[in-house]
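Enquirer: Please find structure09.cif (mmCIF, C-alpha atoms and all ligand atoms) on the next line:
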```
data_upload
#
loop_
_atom_site.label_atom_id
_atom_site.label_comp_id
_atom_site.auth_asym_id
_atom_site.auth_seq_id
_atom_site.Cartn_x
_atom_site.Cartn_y
_atom_site.Cartn_z
CA MET A 1 -6.11 68.56 213.72
CA SER A 2 -3.59 65.82 213.11
CA ARG A 3 -3.56 64.27 209.67
CA PRO A 4 -4.58 60.63 209.21
CA TYR A 5 -1.96 58.10 208.16
CA ASN A 6 -2.30 57.25 204.50
CA PHE A 7 -1.07 53.86 203.28
CA SER A 8 -1.97 54.44 199.63
CA ALA A 9 0.16 52.79 196.92
CA GLY A 10 0.38 56.02 194.96
CA PRO A 11 -0.15 58.85 194.72
CA ALA A 12 1.12 58.32 198.21
CA THR A 13 1.41 60.26 201.42
CA LEU A 14 3.93 63.09 201.54
CA PRO A 15 5.77 64.48 204.57
CA GLU A 16 3.77 67.14 206.35
CA VAL A 17 6.70 69.56 206.56
CA VAL A 18 7.19 69.34 202.81
CA LEU A 19 3.51 70.01 202.17
CA GLU A 20 3.69 72.97 204.54
CA GLN A 21 6.72 74.41 202.81
CA VAL A 22 4.99 74.09 199.45
CA ARG A 23 1.88 75.81 200.83
CA GLU A 24 4.03 78.56 202.29
CA GLU A 25 5.74 79.22 198.96
CA PHE A 26 2.72 78.66 196.76
CA LEU A 27 1.61 82.22 196.03
CA ASP A 28 5.02 83.80 195.98
CA TRP A 29 7.91 81.58 195.02
CA GLN A 30 11.35 82.93 195.88
CA GLY A 31 9.99 86.44 196.46
CA GLY A 32 9.34 87.02 192.75
CA GLY A 33 5.62 87.67 193.26
CA SER A 34 4.58 84.61 191.20
CA SER A 35 3.74 81.02 192.02
CA VAL A 36 6.14 78.37 190.76
CA LEU A 37 3.19 77.37 188.55
CA GLU A 38 3.45 80.70 186.78
CA VAL A 39 7.15 81.06 185.99
CA SER A 40 8.90 80.01 182.79
CA HIS A 41 10.77 76.73 182.97
CA ARG A 42 13.47 78.47 180.90
CA GLY A 43 13.92 81.29 183.41
CA ALA A 44 16.95 81.43 185.68
CA ALA A 45 15.03 80.56 188.85
CA PHE A 46 13.54 77.35 187.47
CA GLN A 47 16.79 76.36 185.79
CA GLU A 48 18.49 76.68 189.15
CA LEU A 49 15.81 74.55 190.77
CA ALA A 50 16.25 71.85 188.11
CA GLN A 51 20.01 71.81 188.61
CA ALA A 52 19.64 71.63 192.39
CA ALA A 53 17.19 68.72 192.06
CA GLU A 54 19.66 66.82 189.89
CA ARG A 55 22.54 67.58 192.24
CA ASP A 56 20.57 66.43 195.29
CA LEU A 57 19.41 63.27 193.56
CA ARG A 58 22.97 62.44 192.52
CA THR A 59 24.19 63.01 196.06
CA LEU A 60 21.45 60.91 197.63
CA LEU A 61 21.99 57.99 195.28
CA ALA A 62 25.79 58.28 194.99
CA LEU A 63 25.11 58.11 191.26
CA PRO A 64 28.16 57.52 189.05
CA GLU A 65 28.99 60.42 186.72
CA ASP A 66 28.37 58.46 183.53
CA PHE A 67 24.64 58.25 184.29
CA ALA A 68 22.44 60.97 182.83
CA VAL A 69 19.53 62.11 185.01
CA LEU A 70 16.28 62.66 183.11
CA PHE A 71 13.05 64.11 184.45
CA LEU A 72 10.38 62.89 182.04
CA GLN A 73 6.61 62.52 181.76
CA GLY A 74 4.45 59.53 180.95
CA GLY A 75 4.79 57.67 184.24
CA ALA A 76 6.49 54.33 184.70
CA ARG A 77 4.18 52.89 182.05
CA GLY A 78 5.65 55.36 179.59
CA GLN A 79 9.00 53.77 180.38
CA PHE A 80 7.62 50.30 179.66
CA ALA A 81 7.64 51.54 176.03
CA ALA A 82 10.61 53.91 176.26
CA VAL A 83 13.00 51.17 177.44
CA PRO A 84 12.60 48.91 174.37
CA MET A 85 12.47 51.88 172.01
CA ASN A 86 15.70 53.32 173.39
CA LEU A 87 17.65 50.14 174.05
CA LEU A 88 16.65 47.48 171.53
CA GLY A 89 18.39 49.15 168.62
CA GLU A 90 17.26 48.42 165.10
CA ALA A 91 16.04 44.83 164.96
CA GLY A 92 18.54 42.15 164.20
CA THR A 93 21.67 44.27 164.19
CA GLY A 94 23.70 41.97 166.37
CA ALA A 95 23.55 39.94 169.54
CA GLY A 96 25.33 40.60 172.80
CA THR A 97 26.25 44.10 171.78
CA GLY A 98 23.28 45.85 173.28
CA THR A 99 21.63 45.86 169.87
CA GLY A 100 20.18 42.36 169.98
CA SER A 101 16.81 41.59 168.49
CA SER A 102 15.16 40.74 171.77
CA ALA A 103 15.33 41.39 175.51
CA ASP A 104 15.13 39.31 178.67
CA TYR A 105 12.34 40.15 181.11
CA LEU A 106 12.28 38.73 184.62
CA HIS A 107 8.67 37.94 185.46
CA SER A 108 7.98 38.55 189.13
CA GLY A 109 4.34 39.64 189.17
CA TYR A 110 1.82 42.19 187.97
CA TRP A 111 4.17 45.06 187.14
CA ALA A 112 6.76 42.88 185.41
CA ALA A 113 3.92 41.38 183.37
CA SER A 114 2.73 44.87 182.45
CA ALA A 115 6.23 45.81 181.28
CA ILE A 116 6.40 42.58 179.25
CA LYS A 117 3.04 43.28 177.62
CA GLU A 118 4.25 46.68 176.45
CA ALA A 119 7.64 45.32 175.31
CA ARG A 120 5.77 42.89 173.01
CA ARG A 121 4.95 45.86 170.81
CA TYR A 122 8.63 46.13 169.97
CA CYS A 123 10.08 42.61 170.16
CA GLU A 124 9.34 39.10 171.31
CA PRO A 125 10.83 39.25 174.80
CA HIS A 126 12.25 36.20 176.55
CA ILE A 127 10.38 35.63 179.79
CA ILE A 128 12.37 34.38 182.76
CA GLU A 129 10.17 33.17 185.61
CA ALA A 130 11.59 34.95 188.64
CA CYS A 131 8.93 34.01 191.15
CA SER A 132 7.94 30.60 192.45
CA GLN A 133 5.62 29.16 195.04
CA ARG A 134 7.46 27.62 198.01
CA GLY A 135 4.77 25.82 199.93
CA THR A 136 2.26 28.48 200.87
CA LEU A 137 4.70 31.33 200.26
CA ALA A 138 5.66 33.13 197.08
CA GLY A 139 9.35 33.94 196.67
CA LEU A 140 11.84 35.21 194.15
CA VAL A 141 14.04 32.53 192.62
CA ASP A 142 17.82 32.44 192.90
CA LEU A 143 19.19 33.72 189.61
CA SER A 144 22.86 33.71 190.55
CA ASP A 145 23.79 31.19 187.85
CA TRP A 146 21.56 32.63 185.21
CA GLN A 147 22.95 34.03 181.95
CA PRO A 148 21.15 36.44 179.60
CA SER A 149 19.95 35.09 176.25
CA ASP A 150 22.36 35.43 173.32
CA ASP A 151 20.17 37.91 171.50
CA ALA A 152 19.17 39.99 174.55
CA ALA A 153 19.79 43.71 174.10
CA TYR A 154 19.03 44.24 177.80
CA VAL A 155 17.61 42.55 180.89
CA HIS A 156 14.61 44.12 182.59
CA TYR A 157 13.41 43.49 186.13
CA THR A 158 10.99 45.02 188.61
CA ALA A 159 12.90 45.82 191.77
CA ASN A 160 9.77 45.85 193.91
CA GLU A 161 6.45 44.29 192.95
CA THR A 162 4.08 46.80 194.53
CA ILE A 163 1.05 44.51 194.41
CA GLY A 164 2.59 41.13 195.22
CA GLY A 165 4.89 42.63 197.87
CA LEU A 166 8.07 40.96 196.58
CA GLN A 167 11.37 42.80 196.44
CA PHE A 168 14.73 41.82 195.01
CA VAL A 169 17.21 42.15 197.87
CA LYS A 170 19.97 42.58 195.30
CA ALA A 171 19.92 43.41 191.63
CA PRO A 172 19.89 40.14 189.66
CA HIS A 173 23.25 39.00 188.39
CA THR A 174 23.57 39.10 184.62
CA GLY A 175 27.28 38.41 184.39
CA ALA A 176 27.42 40.97 181.58
CA ASP A 177 28.97 44.39 181.34
CA PRO A 178 26.22 47.02 181.86
CA LEU A 179 27.08 48.66 178.54
CA THR A 180 26.91 45.39 176.63
CA VAL A 181 23.73 43.86 178.00
CA PRO A 182 22.48 46.49 180.41
CA LEU A 183 20.35 45.61 183.40
CA VAL A 184 17.28 47.87 183.49
CA ALA A 185 15.28 48.28 186.69
CA ASP A 186 11.77 49.53 187.33
CA MET A 187 12.34 51.01 190.78
CA SER A 188 9.01 52.80 190.95
CA SER A 189 8.05 51.53 194.37
CA ASP A 190 11.38 51.32 196.18
CA PHE A 191 13.26 54.25 194.68
CA LEU A 192 15.22 56.23 197.27
CA THR A 193 14.42 53.77 200.06
CA ARG A 194 17.72 51.86 199.92
CA SER A 195 21.19 52.05 198.49
CA VAL A 196 21.82 50.86 194.94
CA ASP A 197 24.69 48.84 193.48
CA TRP A 198 25.19 50.82 190.28
CA SER A 199 27.88 48.52 188.92
CA ARG A 200 25.31 46.13 187.46
CA LEU A 201 22.82 48.66 186.18
CA GLY A 202 22.49 50.33 182.81
CA ALA A 203 19.24 52.19 183.40
CA VAL A 204 16.71 52.77 186.16
CA TYR A 205 13.32 54.41 186.08
CA ALA A 206 10.80 55.35 188.74
CA CYS A 207 7.56 57.27 188.76
CA ALA A 208 7.57 59.98 191.40
CA GLN A 209 4.22 59.47 193.10
CA LYS A 210 5.33 56.87 195.63
CA ASN A 211 8.58 57.85 197.27
CA LEU A 212 9.59 61.10 195.65
CA GLY A 213 6.69 63.49 195.18
CA PRO A 214 3.46 63.96 193.23
CA ALA A 215 2.38 62.19 190.05
CA GLY A 216 3.51 63.73 186.77
CA LEU A 217 7.24 63.20 186.87
CA THR A 218 9.26 60.10 186.03
CA VAL A 219 12.92 59.89 186.82
CA VAL A 220 15.17 57.99 184.41
CA LEU A 221 18.83 57.33 185.18
CA VAL A 222 20.68 55.96 182.19
CA ARG A 223 24.31 55.43 181.28
CA ARG A 224 25.34 57.84 178.54
CA GLY A 225 27.23 54.99 176.89
CA LEU A 226 23.83 53.47 176.00
CA PHE A 227 22.84 56.43 173.85
CA GLY A 228 22.79 55.76 170.12
CA ARG A 229 20.66 52.61 170.34
CA ALA A 230 17.26 54.22 170.02
CA ARG A 231 14.97 53.09 167.28
CA ILE A 232 14.33 55.70 164.64
CA GLU A 233 10.62 55.95 165.51
CA THR A 234 11.27 56.74 169.20
CA PRO A 235 9.25 59.88 170.02
CA SER A 236 11.62 62.68 170.94
CA VAL A 237 9.93 63.22 174.33
CA LEU A 238 10.82 59.63 175.27
CA HIS A 239 14.22 59.62 173.57
CA TYR A 240 16.89 59.36 176.26
CA GLN A 241 19.70 61.05 174.36
CA LEU A 242 17.52 63.94 173.17
CA ALA A 243 16.13 64.35 176.68
CA ALA A 244 19.65 64.46 178.11
CA GLU A 245 20.82 66.95 175.50
CA SER A 246 17.93 69.28 176.32
CA ALA A 247 18.29 68.86 180.10
CA SER A 248 14.80 67.24 180.06
CA MET A 249 13.28 70.41 178.64
CA GLN A 250 12.46 69.64 175.02
CA ASN A 251 8.91 70.58 175.82
CA THR A 252 7.30 72.30 178.82
CA PRO A 253 7.95 70.04 181.80
CA PRO A 254 5.51 69.48 184.68
CA VAL A 255 6.96 72.39 186.64
CA PHE A 256 4.96 71.91 189.80
CA ALA A 257 5.81 68.21 190.12
CA TRP A 258 9.47 68.98 189.42
CA TYR A 259 9.51 71.76 192.01
CA PHE A 260 7.79 69.50 194.57
CA CYS A 261 10.33 66.73 193.97
CA ALA A 262 13.14 69.26 194.46
CA VAL A 263 11.68 70.17 197.87
CA MET A 264 11.35 66.46 198.72
CA LEU A 265 14.93 65.73 197.69
CA ARG A 266 16.14 68.50 199.98
CA TRP A 267 14.02 67.06 202.80
CA MET A 268 15.56 63.61 202.19
CA LEU A 269 19.04 65.05 202.51
CA GLU A 270 18.02 66.78 205.73
CA GLN A 271 16.75 63.46 207.10
CA GLY A 272 20.31 62.13 206.78
CA GLY A 273 20.32 60.95 203.18
CA LEU A 274 19.75 57.52 201.75
CA MET A 275 21.22 55.65 204.70
CA ALA A 276 18.71 57.26 207.06
CA LEU A 277 15.84 56.60 204.63
CA GLU A 278 16.92 52.99 204.30
CA GLN A 279 17.12 52.54 208.07
CA SER A 280 13.69 54.07 208.49
CA SER A 281 12.27 51.81 205.77
CA GLN A 282 13.86 48.75 207.43
CA ARG A 283 12.49 49.68 210.86
CA LYS A 284 8.99 50.35 209.58
CA SER A 285 8.76 47.13 207.59
CA ALA A 286 10.32 45.03 210.38
CA LYS A 287 7.66 46.27 212.82
CA LEU A 288 4.86 45.48 210.42
CA TYR A 289 6.13 42.01 209.50
CA ALA A 290 6.70 41.21 213.19
CA ALA A 291 3.06 42.06 213.87
CA LEU A 292 1.93 39.88 210.96
CA ASP A 293 4.19 36.95 211.90
CA GLN A 294 3.22 36.74 215.55
CA SER A 295 -0.43 36.32 214.71
CA ASP A 296 -2.54 33.59 213.08
CA PHE A 297 -5.22 36.16 212.48
CA TYR A 298 -3.13 37.98 209.83
CA ASP A 299 -1.06 36.52 207.04
CA ASN A 300 1.56 37.72 204.58
CA ALA A 301 2.15 35.09 201.91
CA VAL A 302 5.66 36.14 200.84
CA HIS A 303 8.82 34.26 201.80
CA PRO A 304 10.93 36.29 204.27
CA ASP A 305 13.84 36.42 201.79
CA SER A 306 11.69 38.19 199.20
CA ARG A 307 9.57 40.48 201.32
CA SER A 308 9.15 44.08 200.29
CA CYS A 309 10.20 46.87 202.62
CA THR A 310 7.78 49.33 201.05
CA SER A 311 4.58 47.52 200.05
CA VAL A 312 3.21 44.92 202.42
CA PRO A 313 0.14 42.92 201.32
CA PHE A 314 -1.69 40.90 203.93
CA THR A 315 -4.91 39.04 204.48
CA LEU A 316 -7.17 38.15 207.37
CA ALA A 317 -7.73 34.47 208.15
CA ALA A 318 -11.41 35.45 208.40
CA THR A 319 -11.75 37.16 205.02
CA GLU A 320 -15.35 38.11 205.81
CA LEU A 321 -13.95 40.62 208.35
CA GLU A 322 -11.99 42.58 205.73
CA ALA A 323 -14.69 45.16 205.09
CA ASP A 324 -15.02 45.82 208.84
CA PHE A 325 -11.23 46.03 209.17
CA LEU A 326 -11.08 48.65 206.45
CA SER A 327 -13.96 50.76 207.71
CA GLU A 328 -12.76 50.68 211.31
CA ALA A 329 -9.21 51.48 210.21
CA THR A 330 -10.48 54.47 208.25
CA ALA A 331 -12.44 55.67 211.28
CA ALA A 332 -9.22 55.32 213.31
CA GLY A 333 -7.34 57.55 210.84
CA LEU A 334 -5.58 54.76 208.92
CA LEU A 335 -6.45 55.25 205.29
CA ASN A 336 -6.23 53.23 202.07
CA LEU A 337 -5.34 49.83 203.46
CA ASN A 338 -7.21 47.97 200.74
CA GLY A 339 -5.25 45.64 198.45
CA HIS A 340 -4.90 46.29 194.73
CA ARG A 341 -8.14 45.79 192.79
CA SER A 342 -6.58 42.83 190.91
CA VAL A 343 -5.95 40.77 194.07
CA GLY A 344 -8.11 42.20 196.86
CA GLY A 345 -7.05 41.64 200.45
CA LEU A 346 -5.21 44.34 202.35
CA ARG A 347 -2.00 46.24 201.77
CA ALA A 348 0.04 48.83 203.62
CA CYS A 349 2.40 50.94 201.55
CA ILE A 350 5.01 52.41 203.81
CA TYR A 351 6.97 54.71 201.56
CA ASN A 352 9.35 57.52 202.51
CA GLY A 353 6.53 59.96 203.29
CA LEU A 354 4.88 57.69 205.85
CA PRO A 355 6.25 58.39 209.34
CA GLU A 356 7.20 55.50 211.61
CA LYS A 357 4.43 56.58 213.96
CA GLY A 358 2.00 55.62 211.21
CA VAL A 359 3.25 52.02 211.33
CA ASP A 360 3.05 52.06 215.14
CA ALA A 361 -0.56 53.23 214.90
CA LEU A 362 -1.35 50.52 212.35
CA VAL A 363 0.23 47.78 214.48
CA ASP A 364 -1.74 48.97 217.55
CA PHE A 365 -4.93 48.99 215.53
CA MET A 366 -4.25 45.48 214.18
CA GLU A 367 -3.66 44.09 217.68
CA ASN A 368 -6.76 45.77 218.98
CA PHE A 369 -8.88 44.54 216.06
CA GLU A 370 -7.62 40.99 216.56
CA GLN A 371 -8.42 41.09 220.28
CA ARG A 372 -11.95 42.23 219.60
CA ARG A 373 -12.74 40.20 216.49
CA GLY A 374 -10.28 37.31 216.45
C1 LIG A 401 6.42 48.80 190.12
C2 LIG A 401 5.50 49.69 189.32
N1 LIG A 401 5.79 49.92 188.03
C3 LIG A 401 5.00 50.72 187.29
C4 LIG A 401 3.90 51.36 187.82
C5 LIG A 401 3.06 52.26 186.93
O1 LIG A 401 3.32 53.60 187.23
P1 LIG A 401 2.59 54.78 186.47
O2 LIG A 401 1.18 54.80 186.97
O3 LIG A 401 3.37 56.01 186.83
O4 LIG A 401 2.65 54.50 185.00
C6 LIG A 401 3.58 51.17 189.15
C7 LIG A 401 2.39 51.84 189.73
O5 LIG A 401 1.91 51.53 190.78
C8 LIG A 401 4.41 50.31 189.93
O6 LIG A 401 4.13 50.07 191.21
#
```
Write the structure described by the file as C-alpha cells, please.
Expert:
Amino acid sequence: MSRPYNFSAGPATLPEVVLEQVREEFLDWQGGGSSVLEVSHRGAAFQELAQAAERDLRTLLALPEDFAVLFLQGGARGQFAAVPMNLLGEAGTGAGTGTGSSADYLHSGYWAASAIKEARRYCEPHIIEACSQRGTLAGLVDLSDWQPSDDAAYVHYTANETIGGLQFVKAPHTGADPLTVPLVADMSSDFLTRSVDWSRLGAVYACAQKNLGPAGLTVVLVRRGLFGRARIETPSVLHYQLAAESASMQNTPPVFAWYFCAVMLRWMLEQGGLMALEQSSQRKSAKLYAALDQSDFYDNAVHPDSRSCTSVPFTLAATELEADFLSEATAAGLLNLNGHRSVGGLRACIYNGLPEKGVDALVDFMENFEQRRG
C-alpha cells in the first residue's frame, strides 16, 4: 500500500527510505544485538554516530569552522529562552559589545511574537515591525537601511514564519560584525532547505521535527566567539559553552532522535546535498504557488517577494467549503492540510521529507475540487 502524502507542519513527514532503514536497523543496530535505543550514548558506536552527524551537517551547510554544533533538547521554544540567557550577558554591562542590556527582535508573525514573549523574561526587547500589509497582501519590509539599537546585545529574527507563510529571502542586514551584535535566526521551518550566508549570522537554531527528523532534538549552531556571555543563572543543559565542551552530552541525550537525524543527514547528502534540497524546495513551492495564482477559487495572501518555500497557507474564496476540502483531501490520501489553529484556513507544509509527487497530487486534487465545487 502506498503511503498518503502528509502536509503536517511538524512533526512532519519523513522520507520513506529513511523510515525503512530505521525499521531495518531497529532491533539490531550495527550488528551489536541491541537497538540504538538500548546502547550507551557514551559507547564508541554512539560517539561515532554523533561525530558523523556533526560532520554531515557541517558538510551540508558549508558551516564555517568557528561555529560550534550543538544537539540539544527543549525544542525551538527552549531556544526562545536559551538565546537571551546565553547572549544578553549580565544586564547593563555595555552597549554594542554583545553585552548590551537589551536585544532587537524583528516581528514577522506568530513565531517571532512567541520568541519576543519569552525574551521579555530576561530583558525589555526592542520590537522592529518586519511585516506590513501591502494592499491585500502581507509582506516583509525592506530592512536594508536599518541599524540595530545602541544597547542591542543581538538581533533575533524568524527566517520562516511557519503559520503566516512568510520567509526572509536573505538574512536581514544588521551592518554589525556577527561577534559584536550577532544576528540570531530561528530557522526551525526552513532549516536545510536552502543555502545560508553565514557571514551575517552569530547563531542559528532549529527544531528537528520539520526538515531534519523526529521531535526531541534541537540543533544550535553558534560562533564560539560568543561564548562567555551567558548569564550566571543559565541552566547548564541550555548553556551553549557547556554544551559545546561536553559535545552535547552533559546529560543523556535523546539517542533515538539523534540517530534518526544522522540517518536523515546521510540521506540528504545522497540526494545531492543542500543545492539539490534547495532546488527541490523551489520546484515544489513554485508548482503550488502557480496553482494558487492561476485560480480565483484559492488564495494565498502573501506578497510574492516574501512567500515561504516550505509552508504555504491558503484559503478558499468560499470558506464554507473548507471542511469538505479537508475531508475529501484526506480521503484522497492528502493529509493534514488544515491551517494552524490560531488562524484557520488551509496550509501545505512541503518540507524536505515531502516528495515532489506529493505536491503534484495536491495540485491535481485542487484543480479537480475547483472544477467540481467552484
Ligand atoms: C518557526 C518556529 N519556531 C519555533 C517553533 C516551536 O518549536 P518547538 O515546538 O520545537 O518548540 C515552531 C514550531 O512549529 C516554528 O515553526
Enquirer: Need to verify the contact set: A:Gln167, 9 Å, all atoms listed in the file, exclusion of same-chain residues closer than 5 positions in sequence. Can you return it as a list of chain:residue names?
Expert: A:Leu140, A:Thr158, A:Ala159, A:Asn160, A:Glu161, A:Thr162, A:Asp190, A:Asp305, A:Ser306, A:Arg307, A:Ser308, A:Cys309, A:Thr310
Enquirer: List the spatial neighbours of A:Val219 as a list in words - criterion: any atom at most 9 Å away, only C-alpha atoms, same-chain residues fewer than 4 positions off excluded.
Expert: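 That gives Val69, Leu70, Phe71, Leu72, Gln73, Gly75, Ala76, Val204, Tyr205, Ala206, Cys207 and Ala208 of chain A.
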Enquirer: If we count all atoms listed in the file and set the cut-off at 10 Å, which residues sit around A:Phe26, ignoring sequence neighbours fewer than 5 positions away in its own chain? Please answer as a ChimeraX atom specification.
Expert: /A:20-21,34-37,256
Enquirer: What gap, in Å, lies between atom CA of A:Ala215 and atom CA of A:Ser199?
Expert: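 Atom CA of A:Ala215 sits 29.0 Å away from atom CA of A:Ser199.
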Enquirer: Just to confirm, what's the straight-line distance from atom C1 of ligand LIG 401 (chain A) to atom CA of A:Ser188 in Å (one decimal)?
Expert: 4.8 Å
Enquirer: Given all atoms listed in the file as the basis, pick out the residue of A:Ala9, A:Glu25, A:Ala82, A:Ala50 nearest to A:Ala247.
Expert: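 Of A:Ala9, A:Glu25, A:Ala82, A:Ala50, the one nearest A:Ala247 is A:Ala50, counting all atoms listed in the file.
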Enquirer: Between A:Ser108, A:His173, A:Phe46, A:Pro254, single out the one closest to A:Gln133, counting all atoms listed in the file.
Expert: A:Ser108
Enquirer: Restricting the calculation to only C-alpha atoms and all ligand atoms, which member of A:Gly43, A:Gly139, A:Pro64, A:Gly213 is positioned closest to ligand LIG 401 (chain A)?
Expert: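 Using only C-alpha atoms and all ligand atoms, ligand LIG 401 (chain A) sits closest to A:Gly213.
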Enquirer: Extract, using only C-alpha atoms, all DNA, RNA and protein residues at most 6 Å from stretch 221-233 of chain A, discarding same-chain residues fewer than 4 positions from it, and format them as a PyMOL selection string.
Expert: chain A and resi 66-69+85-87+89-90+202-204+241
Enquirer: From the set A:Val363, A:Ala44, A:Val155, A:Leu179, which residue has the shortest atom-to-atom contact distance to A:Ala103, counting all atoms listed in the file?
Expert: A:Val155
Enquirer: Here is a test: counting all atoms listed in the file, which residue of A:Leu166, A:Met366, A:Val18, A:Leu292 is nearest to A:Glu328?
Expert: A:Met366
Enquirer: Select, from A:Asp296, A:Asp324, A:Asp142, A:Asp150, the residue with the minimum atom-to-atom distance to A:Ala171, counting only C-alpha atoms.
Expert: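 Answer, going by the shortest atom-to-atom distance: A:Asp142.
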Enquirer: What separation in Å, quoted to one decimal, exists between atom CA of A:Val39 and atom CA of A:Ala12?
Expert: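 Atom-to-atom, atom CA of A:Val39 and atom CA of A:Ala12 are spaced 26.5 Å apart.
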Enquirer: Since fewer atoms than expected are present, regenerate N, CA and C atoms for stretch 198-216 of chain A and write them as a PDB file, keeping the file's coordinate frame.
Expert:
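Produced file out.pdb, reproduced below:
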```pdb
ATOM      1  N   TRP A 198      25.284  50.321 191.656  1.00  0.00           N
ATOM      2  CA  TRP A 198      25.190  50.820 190.280  1.00  0.00           C
ATOM      3  C   TRP A 198      26.012  49.991 189.305  1.00  0.00           C
ATOM      4  N   SER A 199      26.952  49.186 189.830  1.00  0.00           N
ATOM      5  CA  SER A 199      27.880  48.520 188.920  1.00  0.00           C
ATOM      6  C   SER A 199      27.162  47.596 187.941  1.00  0.00           C
ATOM      7  N   ARG A 200      26.009  47.078 188.336  1.00  0.00           N
ATOM      8  CA  ARG A 200      25.310  46.130 187.460  1.00  0.00           C
ATOM      9  C   ARG A 200      24.304  46.802 186.533  1.00  0.00           C
ATOM     10  N   LEU A 201      23.979  48.051 186.833  1.00  0.00           N
ATOM     11  CA  LEU A 201      22.820  48.660 186.180  1.00  0.00           C
ATOM     12  C   LEU A 201      23.188  49.516 184.976  1.00  0.00           C
ATOM     13  N   GLY A 202      22.330  49.445 183.950  1.00  0.00           N
ATOM     14  CA  GLY A 202      22.490  50.330 182.810  1.00  0.00           C
ATOM     15  C   GLY A 202      21.485  51.464 182.853  1.00  0.00           C
ATOM     16  N   ALA A 203      20.289  51.169 183.325  1.00  0.00           N
ATOM     17  CA  ALA A 203      19.240  52.190 183.400  1.00  0.00           C
ATOM     18  C   ALA A 203      18.251  51.846 184.507  1.00  0.00           C
ATOM     19  N   VAL A 204      17.704  52.900 185.093  1.00  0.00           N
ATOM     20  CA  VAL A 204      16.710  52.770 186.160  1.00  0.00           C
ATOM     21  C   VAL A 204      15.612  53.776 185.884  1.00  0.00           C
ATOM     22  N   TYR A 205      14.383  53.399 186.144  1.00  0.00           N
ATOM     23  CA  TYR A 205      13.320  54.410 186.080  1.00  0.00           C
ATOM     24  C   TYR A 205      12.380  54.251 187.265  1.00  0.00           C
ATOM     25  N   ALA A 206      11.733  55.365 187.603  1.00  0.00           N
ATOM     26  CA  ALA A 206      10.800  55.350 188.740  1.00  0.00           C
ATOM     27  C   ALA A 206       9.811  56.499 188.571  1.00  0.00           C
ATOM     28  N   CYS A 207       8.533  56.188 188.713  1.00  0.00           N
ATOM     29  CA  CYS A 207       7.560  57.270 188.760  1.00  0.00           C
ATOM     30  C   CYS A 207       7.695  57.951 190.123  1.00  0.00           C
ATOM     31  N   ALA A 208       7.293  59.217 190.181  1.00  0.00           N
ATOM     32  CA  ALA A 208       7.570  59.980 191.400  1.00  0.00           C
ATOM     33  C   ALA A 208       6.565  59.756 192.518  1.00  0.00           C
ATOM     34  N   GLN A 209       5.333  59.321 192.155  1.00  0.00           N
ATOM     35  CA  GLN A 209       4.220  59.470 193.100  1.00  0.00           C
ATOM     36  C   GLN A 209       4.177  58.477 194.254  1.00  0.00           C
ATOM     37  N   LYS A 210       5.298  57.787 194.494  1.00  0.00           N
ATOM     38  CA  LYS A 210       5.330  56.870 195.630  1.00  0.00           C
ATOM     39  C   LYS A 210       6.314  57.355 196.692  1.00  0.00           C
ATOM     40  N   ASN A 211       7.549  57.494 196.279  1.00  0.00           N
ATOM     41  CA  ASN A 211       8.580  57.850 197.270  1.00  0.00           C
ATOM     42  C   ASN A 211       9.183  59.224 197.085  1.00  0.00           C
ATOM     43  N   LEU A 212       8.850  59.881 195.991  1.00  0.00           N
ATOM     44  CA  LEU A 212       9.590  61.100 195.650  1.00  0.00           C
ATOM     45  C   LEU A 212       8.751  62.364 195.569  1.00  0.00           C
ATOM     46  N   GLY A 213       7.473  62.265 195.321  1.00  0.00           N
ATOM     47  CA  GLY A 213       6.690  63.490 195.180  1.00  0.00           C
ATOM     48  C   GLY A 213       5.337  63.215 194.570  1.00  0.00           C
ATOM     49  N   PRO A 214       4.789  64.163 193.825  1.00  0.00           N
ATOM     50  CA  PRO A 214       3.460  63.960 193.230  1.00  0.00           C
ATOM     51  C   PRO A 214       3.552  63.243 191.892  1.00  0.00           C
ATOM     52  N   ALA A 215       2.425  62.793 191.377  1.00  0.00           N
ATOM     53  CA  ALA A 215       2.380  62.190 190.050  1.00  0.00           C
ATOM     54  C   ALA A 215       2.731  63.244 189.006  1.00  0.00           C
ATOM     55  N   GLY A 216       3.236  62.797 187.868  1.00  0.00           N
ATOM     56  CA  GLY A 216       3.510  63.730 186.770  1.00  0.00           C
ATOM     57  C   GLY A 216       4.968  63.745 186.354  1.00  0.00           C
TER      58      GLY A 216
END
```
